[in-house]
$ cat structure-v2.txt   # compact mmCIF, C-alpha atoms
# COMPACT_ATOMS: atom_id res chain seq x y z
CA MET A 1 -22.66 18.84 -29.83
CA ASN A 2 -26.32 18.78 -28.65
CA ARG A 3 -27.07 22.04 -26.84
CA THR A 4 -29.00 20.23 -24.08
CA ILE A 5 -25.96 18.13 -23.28
CA ILE A 6 -23.76 21.22 -23.22
CA TYR A 7 -26.18 22.92 -20.88
CA LEU A 8 -26.27 19.94 -18.51
CA LEU A 9 -22.50 19.74 -18.48
CA ILE A 10 -22.30 23.44 -17.67
CA VAL A 11 -24.69 22.96 -14.73
CA ILE A 12 -22.65 20.01 -13.47
CA ALA A 13 -19.47 21.99 -13.79
CA ALA A 14 -21.00 24.87 -11.86
CA VAL A 15 -21.98 22.53 -9.04
CA LEU A 16 -18.44 21.19 -8.92
CA GLY A 17 -17.03 24.67 -8.70
CA PHE A 18 -15.70 24.97 -12.22
CA VAL A 19 -15.61 28.52 -13.66
CA PHE A 20 -16.36 28.89 -17.32
CA THR A 21 -15.82 31.99 -19.42
CA ALA A 22 -17.93 32.87 -22.42
CA ASN A 23 -15.04 32.01 -24.71
CA ASP A 24 -14.11 28.61 -23.33
CA THR A 25 -17.51 27.08 -22.54
CA GLN A 26 -17.54 24.92 -25.66
CA GLU A 27 -13.93 23.83 -25.14
CA ASN A 28 -14.43 22.88 -21.49
CA ALA A 29 -17.70 21.13 -22.28
CA GLU A 30 -15.82 18.94 -24.76
CA ILE A 31 -13.19 18.19 -22.11
CA LEU A 32 -15.94 17.10 -19.72
CA VAL A 33 -17.33 14.74 -22.34
CA GLU A 34 -13.89 13.20 -22.80
CA ASN A 35 -13.70 12.69 -19.02
CA GLN A 36 -17.32 11.67 -18.60
CA SER A 37 -16.58 8.95 -16.06
CA ASP A 38 -15.05 11.46 -13.66
CA VAL A 39 -17.95 13.86 -14.00
CA VAL A 40 -20.69 11.28 -13.54
CA MET A 41 -19.04 9.82 -10.49
CA GLN A 42 -18.79 13.27 -8.91
CA VAL A 43 -22.39 14.39 -9.50
CA LYS A 44 -23.40 12.94 -6.14
CA LEU A 45 -20.99 14.87 -3.97
CA ASP A 46 -21.66 12.76 -0.90
CA PRO A 47 -21.85 9.04 -1.77
CA HIS A 48 -23.28 8.24 1.67
CA GLU A 49 -26.15 10.71 1.39
CA TRP A 50 -29.51 9.17 0.51
CA SER A 51 -32.87 10.77 -0.19
CA SER A 52 -35.96 9.53 1.62
CA LYS A 53 -37.04 7.75 -1.58
CA GLU A 54 -33.65 6.05 -1.89
CA LEU A 55 -33.74 5.00 1.76
CA GLY A 56 -37.10 3.37 1.11
CA ILE A 57 -35.59 1.40 -1.76
CA LEU A 58 -32.59 0.36 0.34
CA GLN A 59 -34.85 -0.78 3.14
CA SER A 60 -36.87 -2.91 0.72
CA LEU A 61 -33.65 -4.71 -0.30
CA SER A 62 -32.47 -5.39 3.24
CA LEU A 63 -32.91 -8.73 4.98
CA GLU A 64 -34.73 -6.86 7.72
CA SER A 65 -37.60 -6.60 5.23
CA LEU A 66 -37.68 -10.34 4.51
CA PRO A 67 -41.12 -11.57 5.60
CA ALA A 68 -41.54 -14.60 7.83
CA LEU A 69 -41.17 -17.80 5.88
CA PRO A 70 -44.66 -18.89 4.82
CA PRO A 71 -45.65 -22.50 5.42
CA ASP A 72 -45.20 -24.93 2.55
CA ALA A 73 -48.66 -26.44 2.41
CA SER A 74 -47.56 -28.84 -0.34
CA ASN A 75 -45.21 -30.58 2.14
CA PHE A 76 -46.70 -31.55 5.49
CA VAL A 77 -43.25 -32.29 6.99
CA ALA A 78 -41.66 -29.07 5.73
CA ASP A 79 -41.10 -27.73 9.23
CA ASN A 80 -40.62 -31.03 11.05
CA SER A 81 -37.20 -31.24 12.72
CA ILE A 82 -37.08 -35.02 12.33
CA ALA A 83 -37.64 -34.58 8.61
CA SER A 84 -34.98 -31.88 8.31
CA ASN A 85 -32.43 -34.11 10.10
CA PHE A 86 -33.38 -37.04 7.88
CA GLY A 87 -33.14 -34.80 4.82
CA HIS A 88 -29.75 -33.54 5.98
CA GLN A 89 -28.45 -37.10 5.86
CA LEU A 90 -30.01 -37.78 2.47
CA PHE A 91 -28.57 -34.55 1.05
CA PHE A 92 -25.00 -35.65 1.78
CA ASP A 93 -25.41 -39.38 1.01
CA ALA A 94 -23.50 -40.40 -2.13
CA ARG A 95 -25.14 -43.82 -2.06
CA LEU A 96 -28.11 -42.06 -3.64
CA SER A 97 -26.55 -42.25 -7.10
CA SER A 98 -25.90 -44.91 -9.69
CA ASN A 99 -22.13 -44.88 -9.10
CA GLY A 100 -22.18 -44.27 -5.35
CA GLU A 101 -20.17 -41.07 -5.77
CA VAL A 102 -22.73 -38.29 -6.25
CA SER A 103 -24.82 -36.61 -3.56
CA CYS A 104 -26.92 -33.46 -3.59
CA ALA A 105 -23.92 -31.79 -1.94
CA SER A 106 -21.76 -32.65 -4.95
CA CYS A 107 -23.37 -29.81 -6.89
CA HIS A 108 -24.51 -27.76 -3.89
CA LYS A 109 -21.41 -27.44 -1.74
CA PRO A 110 -21.87 -25.51 1.52
CA GLU A 111 -18.40 -23.99 1.22
CA LEU A 112 -19.37 -22.54 -2.20
CA LYS A 113 -22.69 -21.14 -0.97
CA PHE A 114 -24.41 -24.31 -2.14
CA THR A 115 -23.17 -24.07 -5.72
CA ASP A 116 -20.24 -25.99 -7.22
CA GLY A 117 -18.06 -23.37 -8.93
CA LEU A 118 -18.41 -25.04 -12.33
CA PRO A 119 -19.90 -23.64 -15.53
CA ARG A 120 -21.86 -26.87 -15.92
CA SER A 121 -22.42 -29.21 -13.01
CA LEU A 122 -20.73 -32.57 -12.82
CA GLY A 123 -22.72 -35.56 -11.60
CA VAL A 124 -22.61 -39.04 -13.07
CA GLY A 125 -22.18 -37.10 -16.31
CA VAL A 126 -21.89 -33.45 -17.29
CA THR A 127 -25.11 -31.47 -17.13
CA PRO A 128 -26.02 -28.70 -19.60
CA ARG A 129 -26.48 -26.08 -16.89
CA LYS A 130 -24.81 -24.51 -13.89
CA SER A 131 -26.08 -25.37 -10.41
CA MET A 132 -28.11 -22.64 -8.75
CA THR A 133 -27.74 -21.94 -5.06
CA ILE A 134 -30.49 -23.39 -2.88
CA ILE A 135 -30.06 -20.73 -0.18
CA GLY A 136 -33.36 -18.94 0.28
CA THR A 137 -35.23 -21.01 -2.31
CA ALA A 138 -37.96 -21.76 0.23
CA TYR A 139 -39.34 -18.35 -0.83
CA SER A 140 -39.31 -19.16 -4.54
CA PRO A 141 -42.38 -20.37 -6.46
CA TRP A 142 -40.17 -21.84 -9.19
CA LEU A 143 -37.00 -23.95 -9.11
CA PHE A 144 -34.26 -24.51 -11.70
CA TRP A 145 -33.20 -22.03 -14.36
CA ASP A 146 -36.32 -22.77 -16.41
CA GLY A 147 -38.75 -23.14 -13.49
CA ARG A 148 -39.64 -26.71 -14.38
CA LYS A 149 -40.36 -27.49 -10.73
CA ASP A 150 -42.69 -25.61 -8.41
CA SER A 151 -41.60 -26.77 -4.95
CA GLN A 152 -38.40 -27.62 -3.13
CA TRP A 153 -39.48 -31.23 -2.70
CA SER A 154 -40.33 -31.79 -6.37
CA GLN A 155 -37.05 -30.10 -7.30
CA ALA A 156 -35.16 -32.55 -5.08
CA LEU A 157 -36.64 -35.49 -6.99
CA GLY A 158 -35.55 -34.35 -10.44
CA PRO A 159 -31.78 -34.84 -10.16
CA LEU A 160 -32.20 -38.29 -8.60
CA GLU A 161 -33.54 -39.71 -11.88
CA ASN A 162 -31.63 -37.44 -14.25
CA PRO A 163 -29.08 -39.61 -16.13
CA GLU A 164 -26.43 -36.87 -15.97
CA GLU A 165 -26.89 -36.07 -12.27
CA HIS A 166 -27.55 -38.91 -9.79
CA GLY A 167 -28.34 -41.30 -12.62
CA ALA A 168 -30.51 -43.92 -10.91
CA ASN A 169 -34.25 -44.51 -10.45
CA ARG A 170 -36.95 -44.42 -7.81
CA ASN A 171 -37.00 -48.15 -7.03
CA PHE A 172 -33.24 -48.02 -6.50
CA TYR A 173 -33.59 -45.24 -3.91
CA VAL A 174 -36.59 -46.76 -2.17
CA HIS A 175 -34.73 -50.04 -1.65
CA ILE A 176 -31.81 -48.16 -0.07
CA ILE A 177 -34.19 -46.62 2.48
CA ALA A 178 -35.99 -49.90 3.14
CA ASN A 179 -32.75 -51.84 3.67
CA ASP A 180 -30.96 -49.30 5.87
CA ALA A 181 -32.14 -49.74 9.47
CA SER A 182 -31.44 -46.13 10.47
CA TYR A 183 -33.08 -44.66 7.39
CA ARG A 184 -36.04 -46.99 7.67
CA GLY A 185 -36.61 -46.02 11.30
CA GLN A 186 -36.47 -42.30 10.54
CA TYR A 187 -38.73 -42.67 7.52
CA GLU A 188 -41.34 -44.70 9.39
CA SER A 189 -41.41 -42.24 12.29
CA LEU A 190 -42.45 -39.58 9.80
CA PHE A 191 -44.54 -41.33 7.16
CA GLY A 192 -45.60 -44.69 8.50
CA GLU A 193 -44.54 -48.25 7.85
CA ILE A 194 -42.70 -49.22 4.68
CA PRO A 195 -44.36 -52.35 3.25
CA ASP A 196 -42.45 -55.52 2.46
CA LEU A 197 -40.49 -54.85 -0.73
CA SER A 198 -38.54 -58.10 -0.80
CA ASP A 199 -40.44 -59.57 -3.77
CA ALA A 200 -38.12 -58.60 -6.62
CA ILE A 201 -40.78 -59.41 -9.21
CA ARG A 202 -43.27 -56.96 -7.74
CA PHE A 203 -40.63 -54.44 -6.67
CA PRO A 204 -37.56 -54.72 -8.94
CA PRO A 205 -34.39 -53.34 -7.38
CA SER A 206 -33.92 -51.00 -10.33
CA ALA A 207 -37.00 -49.53 -11.98
CA GLY A 208 -38.48 -46.17 -12.85
CA PRO A 209 -39.85 -44.01 -15.69
CA VAL A 210 -36.35 -43.04 -16.78
CA SER A 211 -34.25 -43.03 -19.94
CA ASP A 212 -32.44 -46.28 -19.06
CA PRO A 213 -34.24 -48.95 -21.15
CA GLU A 214 -33.93 -51.77 -18.61
CA ALA A 215 -35.10 -49.70 -15.65
CA ASN A 216 -37.94 -48.27 -17.74
CA ALA A 217 -39.07 -51.73 -18.89
CA ALA A 218 -38.98 -52.99 -15.31
CA TRP A 219 -41.16 -50.06 -14.27
CA ASP A 220 -43.66 -50.75 -17.04
CA SER A 221 -43.94 -54.37 -15.84
CA MET A 222 -45.04 -53.32 -12.34
CA ALA A 223 -48.66 -53.31 -11.24
CA PRO A 224 -50.18 -49.83 -10.81
CA GLU A 225 -50.73 -50.33 -7.08
CA ASP A 226 -47.06 -51.31 -6.60
CA LYS A 227 -45.92 -48.28 -8.58
CA GLU A 228 -48.02 -46.18 -6.22
CA VAL A 229 -46.23 -47.65 -3.19
CA ILE A 230 -42.86 -46.73 -4.70
CA ASN A 231 -44.00 -43.27 -5.78
CA LYS A 232 -45.19 -42.34 -2.31
CA ILE A 233 -41.91 -43.36 -0.67
CA PHE A 234 -39.92 -41.61 -3.39
CA VAL A 235 -41.94 -38.40 -2.93
CA ASN A 236 -41.42 -38.53 0.82
CA LEU A 237 -37.66 -38.62 0.31
CA GLY A 238 -37.98 -35.38 -1.66
CA LYS A 239 -40.12 -33.86 1.07
CA SER A 240 -37.50 -34.73 3.68
CA ILE A 241 -34.67 -33.23 1.62
CA ALA A 242 -36.81 -30.12 1.20
CA ALA A 243 -37.29 -29.89 4.98
CA TYR A 244 -33.50 -29.64 5.26
CA GLU A 245 -33.09 -27.17 2.39
CA ARG A 246 -35.83 -25.00 3.89
CA LEU A 247 -33.45 -24.22 6.76
CA LEU A 248 -30.86 -22.63 4.47
CA MET A 249 -31.18 -18.85 4.55
CA PRO A 250 -28.74 -15.99 3.81
CA GLY A 251 -27.22 -14.27 6.80
CA ASN A 252 -26.69 -10.56 7.27
CA SER A 253 -24.25 -9.07 4.80
CA ARG A 254 -22.21 -5.90 4.98
CA PHE A 255 -24.87 -4.37 2.74
CA ASP A 256 -27.61 -5.11 5.29
CA ASP A 257 -25.55 -3.51 8.05
CA TYR A 258 -24.95 -0.49 5.84
CA VAL A 259 -28.67 -0.05 5.19
CA GLU A 260 -29.35 -0.19 8.92
CA SER A 261 -26.74 2.51 9.57
CA ALA A 262 -28.12 4.66 6.72
CA LEU A 263 -31.67 4.38 8.07
CA SER A 264 -30.48 5.42 11.52
CA ASN A 265 -28.37 8.24 10.01
CA ASN A 266 -25.18 6.84 11.54
CA ARG A 267 -22.71 8.46 9.19
CA GLN A 268 -19.61 7.16 10.95
CA GLN A 269 -20.79 3.58 10.69
CA GLN A 270 -21.72 4.03 7.03
CA GLU A 271 -18.18 5.13 6.22
CA GLU A 272 -16.74 2.24 8.23
CA LEU A 273 -18.90 -0.31 6.40
CA PHE A 274 -18.67 0.95 2.79
CA THR A 275 -15.92 2.56 0.82
CA GLU A 276 -16.91 5.52 -1.35
CA SER A 277 -16.74 3.28 -4.41
CA GLU A 278 -19.07 0.71 -2.85
CA ALA A 279 -21.56 3.43 -1.90
CA ARG A 280 -21.43 4.85 -5.42
CA GLY A 281 -21.91 1.35 -6.79
CA LEU A 282 -25.03 0.97 -4.67
CA ASP A 283 -26.29 4.25 -6.11
CA VAL A 284 -25.70 2.89 -9.63
CA PHE A 285 -27.40 -0.40 -8.67
CA ILE A 286 -30.67 1.21 -7.56
CA GLY A 287 -30.49 4.03 -10.12
CA LYS A 288 -28.84 4.29 -13.50
CA ALA A 289 -28.15 0.59 -14.03
CA GLN A 290 -31.77 -0.36 -13.25
CA CYS A 291 -30.63 -3.59 -11.60
CA ILE A 292 -33.59 -3.55 -9.22
CA ASN A 293 -36.01 -4.03 -12.09
CA CYS A 294 -35.27 -7.75 -11.68
CA HIS A 295 -33.02 -8.01 -8.63
CA ASN A 296 -35.42 -6.64 -6.07
CA GLY A 297 -36.72 -7.59 -2.64
CA PRO A 298 -34.58 -8.83 0.25
CA LEU A 299 -33.35 -11.85 -1.73
CA LEU A 300 -32.48 -9.61 -4.70
CA THR A 301 -34.54 -11.62 -7.17
CA ASN A 302 -38.06 -11.27 -8.49
CA ASN A 303 -38.13 -15.06 -9.10
CA ALA A 304 -39.32 -14.35 -12.64
CA PHE A 305 -37.93 -15.27 -16.05
CA HIS A 306 -36.13 -12.91 -18.42
CA ASN A 307 -34.31 -13.05 -21.72
CA THR A 308 -31.23 -10.89 -21.28
CA GLY A 309 -29.40 -11.78 -24.47
CA ILE A 310 -27.01 -14.24 -22.85
CA PRO A 311 -24.99 -15.96 -25.59
CA PRO A 312 -25.70 -19.70 -25.82
CA ALA A 313 -23.09 -22.27 -24.92
CA LEU A 314 -21.71 -23.21 -28.32
CA ASP A 315 -21.21 -26.90 -27.60
CA LEU A 316 -24.80 -27.49 -26.40
CA PRO A 317 -28.14 -27.94 -28.17
CA PRO A 318 -30.42 -24.88 -28.24
CA ASP A 319 -31.77 -24.02 -24.79
CA PHE A 320 -35.16 -22.32 -24.85
CA GLY A 321 -35.45 -21.87 -21.10
CA ARG A 322 -38.85 -20.99 -19.65
CA ILE A 323 -40.90 -21.73 -22.77
CA GLU A 324 -39.94 -25.40 -22.33
CA GLY A 325 -39.79 -25.37 -18.52
CA VAL A 326 -43.34 -24.13 -18.16
CA TYR A 327 -44.72 -27.12 -20.06
CA MET A 328 -42.56 -29.47 -18.04
CA VAL A 329 -43.89 -28.14 -14.74
CA LYS A 330 -47.48 -28.22 -16.02
CA GLU A 331 -47.12 -31.91 -16.92
CA ASP A 332 -45.12 -32.90 -13.82
CA PRO A 333 -46.98 -35.51 -11.68
CA PHE A 334 -45.19 -34.02 -8.67
CA ASN A 335 -46.44 -30.46 -9.15
CA CYS A 336 -48.72 -28.49 -6.84
CA LEU A 337 -51.85 -29.83 -8.53
CA GLY A 338 -50.69 -33.44 -8.48
CA GLU A 339 -51.91 -36.16 -6.15
CA TYR A 340 -48.65 -36.19 -4.17
CA SER A 341 -48.87 -32.57 -3.13
CA ASP A 342 -50.39 -31.82 0.28
CA GLU A 343 -51.58 -28.44 -0.99
CA ASP A 344 -55.23 -27.52 -1.51
CA GLN A 345 -55.44 -27.32 -5.29
CA GLU A 346 -57.26 -24.00 -5.10
CA GLN A 347 -54.08 -22.52 -3.59
CA CYS A 348 -51.91 -23.50 -6.57
CA GLU A 349 -52.36 -20.10 -8.20
CA ASP A 350 -48.77 -19.73 -9.37
CA LEU A 351 -49.04 -22.94 -11.36
CA ILE A 352 -52.60 -22.38 -12.57
CA TYR A 353 -52.05 -18.88 -13.88
CA THR A 354 -48.43 -18.94 -15.00
CA ARG A 355 -47.80 -17.73 -18.52
CA THR A 356 -47.36 -20.54 -21.03
CA GLU A 357 -46.74 -18.70 -24.30
CA GLY A 358 -45.36 -15.50 -25.75
CA GLN A 359 -42.13 -14.07 -27.06
CA GLU A 360 -41.14 -12.96 -23.56
CA ILE A 361 -40.53 -16.48 -22.24
CA ILE A 362 -38.53 -17.81 -25.19
CA ALA A 363 -34.95 -18.34 -23.96
CA ALA A 364 -35.90 -16.64 -20.70
CA PHE A 365 -34.20 -17.84 -17.53
CA LYS A 366 -34.88 -17.35 -13.86
CA THR A 367 -33.44 -14.27 -12.17
CA PRO A 368 -30.85 -15.61 -9.70
CA THR A 369 -30.41 -14.10 -6.28
CA LEU A 370 -27.50 -11.67 -6.03
CA ARG A 371 -26.79 -12.55 -2.43
CA ASN A 372 -23.30 -14.07 -2.35
CA VAL A 373 -23.00 -13.33 -6.06
CA ALA A 374 -19.30 -12.50 -5.78
CA GLU A 375 -18.68 -16.04 -4.50
CA THR A 376 -20.72 -18.03 -6.99
CA SER A 377 -18.93 -17.63 -10.33
CA PRO A 378 -19.11 -18.46 -13.17
CA TYR A 379 -22.39 -16.87 -14.18
CA MET A 380 -25.53 -17.44 -16.28
CA HIS A 381 -27.43 -20.66 -16.93
CA SER A 382 -24.54 -22.54 -18.53
CA GLY A 383 -21.68 -20.61 -16.95
CA GLN A 384 -21.10 -18.62 -20.14
CA ILE A 385 -19.64 -15.57 -18.36
CA PRO A 386 -16.61 -16.16 -16.10
CA ASN A 387 -16.62 -13.13 -13.78
CA LEU A 388 -18.58 -10.13 -12.55
CA THR A 389 -16.61 -7.69 -14.67
CA GLU A 390 -17.78 -9.42 -17.83
CA VAL A 391 -21.34 -9.78 -16.51
CA ILE A 392 -21.58 -6.01 -16.00
CA ARG A 393 -20.09 -5.37 -19.43
CA HIS A 394 -22.70 -7.65 -20.95
CA TYR A 395 -25.59 -5.79 -19.35
CA ASN A 396 -24.03 -2.46 -20.22
CA ALA A 397 -23.70 -3.41 -23.89
CA ALA A 398 -27.16 -5.04 -24.07
CA PRO A 399 -26.51 -7.29 -27.08
CA LEU A 400 -29.37 -8.74 -29.11
CA ALA A 401 -30.58 -12.21 -28.18
CA VAL A 402 -29.68 -15.17 -30.39
CA ARG A 403 -33.07 -16.69 -29.53
CA GLY A 404 -36.18 -14.81 -28.52
CA HIS A 405 -36.10 -11.12 -27.69
CA SER A 406 -33.74 -9.58 -25.15
CA GLU A 407 -35.30 -7.22 -22.61
CA LEU A 408 -32.08 -5.26 -22.21
CA ALA A 409 -31.48 -1.70 -23.32
CA THR A 410 -28.10 -0.01 -23.25
CA ILE A 411 -27.49 1.92 -20.03
CA ASP A 412 -24.18 3.57 -20.93
CA LEU A 413 -22.38 3.05 -17.66
CA THR A 414 -18.94 4.59 -17.53
CA THR A 415 -15.86 2.58 -16.68
CA GLU A 416 -15.87 4.09 -13.20
CA GLU A 417 -19.53 3.28 -12.67
CA MET A 418 -19.02 -0.32 -13.73
CA ARG A 419 -16.09 -0.64 -11.37
CA ALA A 420 -18.10 0.83 -8.51
CA LEU A 421 -21.04 -1.46 -9.26
CA GLU A 422 -18.78 -4.49 -9.07
CA ASP A 423 -17.33 -3.24 -5.79
CA PHE A 424 -20.85 -2.97 -4.39
CA LEU A 425 -21.76 -6.52 -5.42
CA HIS A 426 -18.99 -7.82 -3.17
CA THR A 427 -20.79 -6.35 -0.15
CA LEU A 428 -23.62 -8.86 -0.63
CA SER A 429 -21.54 -11.79 0.63
CA SER A 430 -22.60 -13.34 3.92
CA PRO A 431 -22.56 -16.59 5.87
CA VAL A 432 -25.47 -19.01 5.66
CA ASP A 433 -27.89 -18.40 8.51
CA VAL A 434 -28.20 -21.94 9.83
CA SER A 435 -26.69 -24.01 12.62
CA ALA A 436 -23.12 -25.03 11.78
CA GLU A 437 -23.97 -28.73 11.96
CA TYR A 438 -26.20 -28.38 8.90
CA LEU A 439 -23.29 -27.07 6.84
CA GLU A 440 -21.30 -30.25 7.34
CA SER A 441 -21.81 -33.77 6.14
CA PRO A 442 -23.36 -35.86 8.91
CA TRP A 443 -21.25 -38.76 7.67
CA GLN A 444 -18.05 -36.80 8.28
CA GLN A 445 -19.35 -35.93 11.73
CA LEU A 446 -19.89 -39.61 12.50
CA LEU A 447 -16.37 -40.47 11.30
CA SER A 448 -14.82 -37.76 13.44
CA GLU A 449 -16.73 -38.96 16.48
CA GLU A 450 -15.37 -42.47 15.95
$ encode --input "structure-v2.txt" --output "structure tokens"
Amino acid sequence: MNRTIIYLLIVIAAVLGFVFTANDTQENAEILVENQSDVVMQVKLDPHEWSSKELGILQSLSLESLPALPPDASNFVADNSIASNFGHQLFFDARLSSNGEVSCASCHKPELKFTDGLPRSLGVGVTPRKSMTIIGTAYSPWLFWDGRKDSQWSQALGPLENPEEHGANRNFYVHIIANDASYRGQYESLFGEIPDLSDAIRFPPSAGPVSDPEANAAWDSMAPEDKEVINKIFVNLGKSIAAYERLLMPGNSRFDDYVESALSNNRQQQEELFTESEARGLDVFIGKAQCINCHNGPLLTNNAFHNTGIPPALDLPPDFGRIEGVYMVKEDPFNCLGEYSDEDQEQCEDLIYTRTEGQEIIAAFKTPTLRNVAETSPYMHSGQIPNLTEVIRHYNAAPLAVRGHSELATIDLTTEEMRALEDFLHTLSSPVDVSAEYLESPWQQLLSEE
């Protein structure tokens, strides 16, 4: 056995009150190695004791440190209450799909923390990826697992024309708004008058730059100025949905309350809020496991892209993640630099300077928030890992990546440490911090009132 390890084990044993004799040091050291999980978990005698440096880290992860939500200059109605109410209705409206059965809420269910509980989301068809929560995404510069959208409003537009999600096209949606008196009134109060769209030659009822051949041909037949009319209305629908989604923020969790009690040195409250295992798991989270390398800040995500050796879904084509997503967002007509953004182009620094090449972004995927992580299984971009236990085992083992290069290195967590880490992750659950009415379908509310 390495003498340094023996020496460290002897020191640990001395701290724990073990008495070694000259003759049995080697024997007892071997016993400690065999029971390594017990030793490691006892090194920190008081799981609720935190150094000043650790308290600083905990504070940085608390919602109390979340800065005020910056304005979304790309969306001039982002903070307009009329727009958020309009967007609330659009978000839950299943008419906004080719089969009349799929809404935004189909894949982003409020009761599941705005996910859907599926490994791969189900819309008009089956998508290749799992739905990400939209809670707190107003702070994120990139949307989707590959970051192929750079604003909430442009993200909202993508699924509408995706053949596996909502499955229709922009003319289809614009006609719904124009022909619904309530929707038309709300739209026009925000964006101005909708022109006459009744000429089906100029404005076909189904048309858009989509994979459906008929709808695509109808779009190609339209005059450029008529396409522009449709595009502006379509974009404004996305901006209204984004105004609703911008309201969705995580509420205080047990973890946030624990940090507050630790900062105020309220030992009794700390013990009431966290079990010893949860406190030890938090210690592992900010220390040995290095989770905060990526899951940092109050939303527990750095909003960046990482290859962590996640095994691909075997029944899907190769997924290269960010290396493809970055080109998609660069070419997107609805990005920050596009004509439909309300942002000053000089302020589009994230898009202008984002990395577009390199080994690091091959098969790299966006770091998801860990808030409510215990309630949003399964995990990873195509739901490849069913539960938190297996997620932690994956990161502990640090397997090589099938594509690209994994950033992971083995961390050698013990069984007890992994169990404690999982216990801690359950303390991150919280309600959504928004008025209750926004967590319900407005259409159900109308039915109940009748």
$ closest_atom_pairs --input "structure-v2.txt" --of "range 322-432 of chain A" --to "range 101-118 of chain A" --cutoff "10 Å" --atoms "all atoms listed in the file" --output "JSON lines"
{"residue": "A:Arg371", "atom": "CA", "partner": "A:Lys113", "partner_atom": "CA", "distance": 9.6}
{"residue": "A:Asn372", "atom": "CA", "partner": "A:Lys113", "partner_atom": "CA", "distance": 7.2}
{"residue": "A:Val373", "atom": "CA", "partner": "A:Lys113", "partner_atom": "CA", "distance": 9.3}
{"residue": "A:Glu375", "atom": "CA", "partner": "A:Leu112", "partner_atom": "CA", "distance": 6.9}
{"residue": "A:Thr376", "atom": "CA", "partner": "A:Gly117", "partner_atom": "CA", "distance": 6.3}
{"residue": "A:Ser377", "atom": "CA", "partner": "A:Gly117", "partner_atom": "CA", "distance": 6.0}
{"residue": "A:Pro378", "atom": "CA", "partner": "A:Gly117", "partner_atom": "CA", "distance": 6.6}
{"residue": "A:Tyr379", "atom": "CA", "partner": "A:Leu118", "partner_atom": "CA", "distance": 9.3}
{"residue": "A:Ser382", "atom": "CA", "partner": "A:Leu118", "partner_atom": "CA", "distance": 9.1}
{"residue": "A:Gly383", "atom": "CA", "partner": "A:Leu118", "partner_atom": "CA", "distance": 7.2}
{"residue": "A:Pro386", "atom": "CA", "partner": "A:Leu118", "partner_atom": "CA", "distance": 9.8}
{"residue": "A:Ser429", "atom": "CA", "partner": "A:Lys113", "partner_atom": "CA", "distance": 9.6}
{"residue": "A:Ser430", "atom": "CA", "partner": "A:Lys113", "partner_atom": "CA", "distance": 9.2}
{"residue": "A:Pro431", "atom": "CA", "partner": "A:Lys113", "partner_atom": "CA", "distance": 8.2}
{"residue": "A:Val432", "atom": "CA", "partner": "A:Lys113", "partner_atom": "CA", "distance": 7.5}
$ write_last_selection --input "structure-v2.txt" --atoms "C-alpha atoms" --output "tab-separated table (two decimals), in the frame of the given file"
chain	number	residue	atom	x	y	z
A	371	ARG	CA	-26.79	-12.55	-2.43
A	372	ASN	CA	-23.30	-14.07	-2.35
A	373	VAL	CA	-23.00	-13.33	-6.06
A	375	GLU	CA	-18.68	-16.04	-4.50
A	376	THR	CA	-20.72	-18.03	-6.99
A	377	SER	CA	-18.93	-17.63	-10.33
A	378	PRO	CA	-19.11	-18.46	-13.17
A	379	TYR	CA	-22.39	-16.87	-14.18
A	382	SER	CA	-24.54	-22.54	-18.53
A	383	GLY	CA	-21.68	-20.61	-16.95
A	386	PRO	CA	-16.61	-16.16	-16.10
A	429	SER	CA	-21.54	-11.79	0.63
A	430	SER	CA	-22.60	-13.34	3.92
A	431	PRO	CA	-22.56	-16.59	5.87
A	432	VAL	CA	-25.47	-19.01	5.66
$ residues_around --input "structure-v2.txt" --residues "Gly123 in chain A" --least-positions-apart "3" --cutoff "7 Å" --atoms "only C-alpha atoms" --output "NGL selection string"
:A and (102 or 126 or 164-166)
$ residues_around --input "structure-v2.txt" --residues "Gln359 in chain A" --least-positions-apart "5" --cutoff "12 Å" --atoms "only C-alpha atoms" --output "VMD selection string"
chain A and resid 305 to 307 320 to 323 364 401 403 to 407
$ closest_residue --input "structure-v2.txt" --among "A:Cys291, A:Ala242, A:Leu63, A:Met328" --to "Asp257 in chain A" --atoms "all atoms listed in the file"
A:Leu63
$ atom_distance --input "structure-v2.txt" --atom1 "CA of Ser154 in chain A" --atom2 "CA of Phe334 in chain A"
5.8 Å
$ closest_residue --input "structure-v2.txt" --among "A:Val174, A:Leu351, A:Leu247, A:Leu58" --to "Pro141 in chain A" --atoms "only C-alpha atoms"
A:Leu351
$ residues_near_point --input "structure-v2.txt" --point "(-43.3, -29.2, 4.3)" --cutoff "10 Å" --atoms "all atoms listed in the file" --output "ChimeraX atom specification"
/A:71-80,83-84,151-153,239-244,246,341-343
$ residues_near_point --input "structure-v2.txt" --point "(-32.8, -19.4, -14.2)" --cutoff "12 Å" --atoms "only C-alpha atoms" --output "NGL selection string"
:A and (129-133 or 140 or 142-149 or 301-308 or 310 or 319-322 or 325 or 361 or 363-369 or 379-383)
$ atom_distance --input "structure-v2.txt" --atom1 "CA of Ser206 in chain A" --atom2 "CA of Phe172 in chain A"
4.9 Å
$ residues_around --input "structure-v2.txt" --residues "Pro298 in chain A" --least-positions-apart "5" --cutoff "7 Å" --atoms "all atoms listed in the file" --output "MDAnalysis selection string"
chainID A and resid 60:63 65:66
$ closest_residue --input "structure-v2.txt" --among "A:Val229, A:Ala374, A:Tyr327, A:Pro128" --to "Thr354 in chain A" --atoms "only C-alpha atoms"
A:Tyr327
$ decode --input "structure-v2.txt" --residues "range 132-136 of chain A" --atoms "C-alpha atoms" --output "short mmCIF file (atom, residue, chain, number, x, y, z; two decimals), in the first residue's frame"
data_model
loop_
_atom_site.label_atom_id
_atom_site.label_comp_id
_atom_site.auth_asym_id
_atom_site.auth_seq_id
_atom_site.Cartn_x
_atom_site.Cartn_y
_atom_site.Cartn_z
CA MET A 132 -36.32 20.73 -21.13
CA THR A 133 -38.03 22.74 -18.43
CA ILE A 134 -38.76 26.34 -19.36
CA ILE A 135 -38.65 27.54 -15.74
CA GLY A 136 -36.01 30.23 -15.43
#
